[in-house]
Every structure is written in structure tokens, then in C-alpha cells.
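**Student:** Below: one structure in C-alpha cells.
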Amino acid sequence: MPLRSRVEHSMAGDAPWLFLSPHLDDAVLSCGSLIEAQAKGRQIIVATLFTEAMPSPHTRAARSFMRQCTVPDAGELFQARQSEDRAVLQDMGVQSIHLGEVDALFRKRRKPPLLGSSQWERLLPELTHRYPTYRFDIAMGRIAKGDRALIRRLRSDVAGLMAQTKAQLLFCPAGVGKHVDHLITREVGKGHQDNVVMYSDFPYDLAAGPDETHMSKLGFVPWTWDTGLDAKAGRIRQYPTQADALFRSGVIPLKPETYFVPGHLDAD
């Protein structure tokens with residue numbers, strides 16, 4: 001049965017669905033309307049992969065992110081983000097799982113270069129981080145070699161979750177915006193080709209589209225969900241550490257959610 005037909009078949013039933021969220025807000029940002037609607041009739045599980053920070057010293061990019069979130073301590077920030085995520089998903093009738101991996105902004109190299117002294121690390125923490133900058137590393141669409149073992153481990157973890165939850169569909173990001181954590185999450189999801197559905201990464205998709213070459217190779221085509229969009233902005237605002245930083249104008253655009261599945265739109 002083509003996956004599009006499997007999606008339609010699944011939507012008509014009540015089997016569990018598992019959503020992979022790179023960070024502690026992405027599932028609601030990109031899929032909140034579909035999740036909330038489907039949670040009324042089936043078990044929905046959101047597993048967030050990157051839910052932790054590491055202690056200082058932090059890179060300039062990480063410090064900038066913490067200032068935008070108005071929480072200057074990384075540990076306190078991620079505790080707040082975890083609490084936000086649990087509260088929002090509980091309100092929506094959704095089970096939340098935090099897998100405890102370190103966010104790319106804070107992820108350090110496994111074997112950092114020899115610096116001679118800890119003073120150099122304090123002066124230039126970029127030397128010890130896997131992704132030293134946001135613009136030229138995290139947002140460049142390149143997964144570091146050092147994260148290959150992470151992908152293998154996460155695929156094993158997600159396989160366990162699929163078996164445990166008996167999820168019929170697995171949702172993962174399409175990687176719009178090229179954030180490395182989103183691309184890693186996509187690679188984890190692609191390890192389950194018989195079940196995977198990709199979602200367009202909001203709000204990155206306000207300014208960018210999916211990788212057409214990548215989607216073409218996979219044979220994925222889009223479908224949209226626009227039911228319940230009016231309530232979605234309120235859900236996003238329940239992430240106060242993130243909402244103001246993401247939507248500085250104070251306006252959260254109402255955009256239909258886009259999903260991608262293998263096959264033709266007219267598949268039977």
C-alpha cells in the first residue's frame with residue numbers, strides 16, 4: 001500500500017502516532033494543529049531529541065540565543081523549556097518524551113583539540129564546540145562527522161519507541177531552514193521508511209522551501225492540514241521563552257501545515 005494511502009487509512013483509524021521534534025517547541029510550531037486534532041481520537045506521542053545544554057563556557061552564538069530568550073543561564077533556560085513543553089503537550093492531551101541530547105548550540109566535540117590550558121577554552125569556547133557558529137555551522141546544512149554516532153544511537157532509540165508505542169506513523173522534519181538538529185532528526189526518521197511522514201519546519205518555511213532535489217530523490221509529495229489553525233498561535237505563546245524571540249513583531253502568522261509523503265497525490 002502506498003504511504004499516502006497508509007496515511008489516509010491511519011487518519012481514519014485510531015492507531016498511535018509518534019512525532020519527532022528536534023527542539024522543545026518544534027512539534028507544536030510545525031504540527032500543532034494536526035497534533036491537537038488527532039489527539040482527541042488517538043494516542044499522540046512527541047519525542048523531543050535535543051533537550052539539554054552543557055555548562056559554560058559558551059560560544060558567542062549560544063550566549064546570543066540565551067539573551068534572546070531572556071534567561072542568561074543555560075541550565076535554567078533548558079529546565080524552563082522542558083517545563084513549557086510538558087505543560088503545553090499535557091494541555092493538548094499528548095504524551096511528551098525528552099531524549100536528553102545536547103542542543104547543537106551547546107554540543108561540544110568529543111575530543112576537543114589540545115588547547116594547552118583551560119584559559120584558552122574560556123577565552124575562545126568556539127574551539128571546543130562541534131558547531132562553533134550559528135550562521136556558518138548550525139544553519140549551513142552540514143552534519144558534522146562527529147554526529148554520525150549520535151544518529152545511529154537515536155535511530156536505535158526511536159526504533160525502541162516505535163515498538164513500545166506501536167505507532168503506525170512516524171513524523172519527522174523535512175529540514176526546511178537547514179538547521180543541523182532538524183537534519184539529524186530527519187535522518188533518524190528516514191531510518192523508518194515504511195512509516196515516515198515529513199513535516200515542513202515552521203517558521204523556517206515562511207522564508208524558505210524544502211530541498212526540492214532531496215524530496216524528488218525520495219519521491220515525496222506535499223499535502224496540507226488547515227483545521228484548527230486559529231488555536232495554534234495560542235499554543236505557541238505557551239512557550240514564553242521562545243515565542244517572543246521567534247516572532248519579534250508579536251504576530252504569529254497563520255500558515256497551513258505542510259506534510260510530505262512518498263507517492264503521487266492521486267495514488268489509490
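The way I read the labels, and the way they are meant: chains A, B, ... in the order of the C-alpha cells, residue 1 as the first residue of every chain, and ligand 1 as the first ligand shown, with later ones counted on from there.
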If you count only C-alpha atoms, which residues fall within 10 Å of Phe247 in chain A, apart from same-chain ones fewer than 6 positions away, as number ranges by chain?

**Tutor:** A: 203, 237, 253

**Student:** Looking only at the backbone, which of the residues in range 16-70 of chain A does DSSP tag as helix (DSSP H, G or I), as a ChimeraX atom specification?

**Tutor:** /A:26-38,60-69

**Student:** What's the separation between CA of Gly228 in chain A and CA of Ile97 in chain A, in Å to one decimal place?

**Tutor:**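 Those two atoms sit 24.0 Å apart.
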
**Student:** Nearest residue to Glu76 in chain A out of A:Arg248, A:Ser30, A:Pro55, A:Trp17, using only C-alpha atoms?

**Tutor:** A:Pro55

**Student:** Given the choices A:Gln168, A:Ala159, A:Asp26, A:Arg135, which gets closest to Val7 in chain A if the distance is worked out from only C-alpha atoms?

**Tutor:**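 Of A:Gln168, A:Ala159, A:Asp26, A:Arg135, the one nearest Val7 in chain A, counting only C-alpha atoms, is A:Gln168.
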
**Student:** Of the candidates A:Thr59, A:Thr227, A:Asn195, A:Gln164, which shows the shortest atom-to-atom distance to Glu121 in chain A, using only C-alpha atoms?

**Tutor:**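 Of A:Thr59, A:Thr227, A:Asn195, A:Gln164, the one nearest Glu121 in chain A, counting only C-alpha atoms, is A:Thr59.
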
**Student:** Please give the complete set of residues from range 75-231 of chain A that DSSP, run on the backbone, assigns to strand (DSSP E), formatted as a PyMOL selection string.

**Tutor:** chain A and resi 95-102+169-173+196-199+220-225

**Student:** Give me the residues within 8 Å of Leu77 in chain A as a ChimeraX atom specification, counting only C-alpha atoms and dropping any in the same chain fewer than 6 places off.

**Tutor:** /A:66,69,71,241

**Student:** Store the residues picked out above, limited to N, CA, C and O atoms, as a PDB file, in the first residue's frame.

**Tutor:**
```
ATOM      1  N   MET A  66      20.677  32.793  24.385  1.00  0.00           N
ATOM      2  CA  MET A  66      20.178  32.933  25.758  1.00  0.00           C
ATOM      3  C   MET A  66      19.679  34.351  26.025  1.00  0.00           C
ATOM      4  O   MET A  66      18.677  34.546  26.717  1.00  0.00           O
ATOM      5  N   CYS A  69      16.277  34.704  24.612  1.00  0.00           N
ATOM      6  CA  CYS A  69      15.285  34.007  25.446  1.00  0.00           C
ATOM      7  C   CYS A  69      15.107  34.681  26.811  1.00  0.00           C
ATOM      8  O   CYS A  69      14.243  34.252  27.586  1.00  0.00           O
ATOM      9  N   VAL A  71      16.892  34.469  29.388  1.00  0.00           N
ATOM     10  CA  VAL A  71      17.317  33.620  30.503  1.00  0.00           C
ATOM     11  C   VAL A  71      18.824  33.423  30.341  1.00  0.00           C
ATOM     12  O   VAL A  71      19.261  32.689  29.453  1.00  0.00           O
ATOM     13  N   THR A 241       9.559  31.383  26.624  1.00  0.00           N
ATOM     14  CA  THR A 241      10.989  31.602  26.424  1.00  0.00           C
ATOM     15  C   THR A 241      11.338  31.663  24.940  1.00  0.00           C
ATOM     16  O   THR A 241      12.420  32.145  24.572  1.00  0.00           O
TER      17      THR A 241
END
```

**Student:** Quick one: of A:Asp226, A:Asp244, A:Glu36, A:Asp181, who's nearest to Gln95 in chain A, counting only C-alpha atoms?

**Tutor:** A:Glu36

**Student:** Would you please work out which residue, of A:Arg67, A:Arg86, A:Arg60, A:His9, is nearest to Leu24 in chain A when using only C-alpha atoms?

**Tutor:**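 Of the candidates, the smallest distance to Leu24 in chain A is held by A:Arg86.
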
**Student:** Can you pull out every residue within 6 Å of range 153-158 of chain A, counting only C-alpha atoms, but drop anything in the same chain fewer than 3 positions away, and send it as a ChimeraX atom specification?

**Tutor:** /A:150,161,188

**Student:** The selected residues should be written to file as a tab-separated table (two decimals), in the first residue's frame (atoms: N, CA and C atoms).

**Tutor:**
```
chain	number	residue	atom	x	y	z
A	150	LEU	N	25.83	9.72	16.90
A	150	LEU	CA	24.59	10.22	17.51
A	150	LEU	C	23.38	9.78	16.70
A	161	LEU	N	11.14	3.17	20.61
A	161	LEU	CA	9.89	3.90	20.86
A	161	LEU	C	8.78	3.44	19.92
A	188	VAL	N	17.18	10.49	11.29
A	188	VAL	CA	16.66	9.47	12.22
A	188	VAL	C	15.32	8.96	11.71
```

**Student:** Which of these residues is nearest to Arg152 in chain A, using only C-alpha atoms: A:Thr185, A:Thr70, A:Ser249, A:Gln79?

**Tutor:**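 The closest residue to Arg152 in chain A is A:Thr185.
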
**Student:** Hey, can you check how far CA of Pro222 in chain A sits from CA of Val88 in chain A?

**Tutor:**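 If I compute the distance from CA of Pro222 in chain A to CA of Val88 in chain A, I get 27.2 Å.
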
**Student:** Using only C-alpha atoms, determine which residues lie at most 7 Å from Arg42 in chain A, disregarding the query and same-chain residues fewer than 6 positions distant; provide the list as a ChimeraX atom specification.

**Tutor:** /A:14-16

**Student:** Excluding same-chain residues fewer than 2 positions from Leu29 in chain A, what lies within 8 Å of it counting only C-alpha atoms, as a CSV table (one decimal) with N, CA and C atoms, in the first residue's frame?

**Tutor:**
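Full text of part-v3.csv as output:
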```
chain,number,residue,atom,x,y,z
A,25,ASP,N,9.8,22.7,21.2
A,25,ASP,CA,8.8,23.6,20.6
A,25,ASP,C,8.4,23.2,19.2
A,26,ASP,N,9.4,22.5,18.5
A,26,ASP,CA,9.2,22.3,17.1
A,26,ASP,C,8.0,21.5,16.7
A,27,ALA,N,7.6,20.5,17.4
A,27,ALA,CA,6.4,19.8,17.1
A,27,ALA,C,5.2,20.6,17.1
A,31,CYS,N,3.5,21.3,13.7
A,31,CYS,CA,2.4,20.3,13.6
A,31,CYS,C,1.3,20.5,14.6
A,32,GLY,N,1.3,21.6,15.3
A,32,GLY,CA,0.4,21.7,16.4
A,32,GLY,C,-1.1,21.5,16.1
A,201,ASP,N,9.1,22.6,8.3
A,201,ASP,CA,9.6,23.2,9.5
A,201,ASP,C,9.2,24.7,9.6
A,202,PHE,N,8.3,25.0,10.5
A,202,PHE,CA,7.8,26.3,10.8
A,202,PHE,C,8.5,26.9,12.0
A,203,PRO,N,8.9,28.2,12.0
A,203,PRO,CA,8.6,29.2,11.0
A,203,PRO,C,9.7,29.3,9.9
A,236,ILE,N,1.5,28.2,20.7
A,236,ILE,CA,2.9,28.7,20.5
A,236,ILE,C,3.3,29.7,21.6
```

**Student:** Find the residues near Ser21 in chain A: any atom within 9 Å, counting only C-alpha atoms, skip ones fewer than 2 places away on the same chain, and give them as a ChimeraX atom specification.

**Tutor:** /A:19,23-28,46-50,171-173,182,185

**Student:** Rounded to one decimal place, report the CA of Thr224 in chain A-CA of Gly93 in chain A distance in Å.

**Tutor:** 22.4 Å
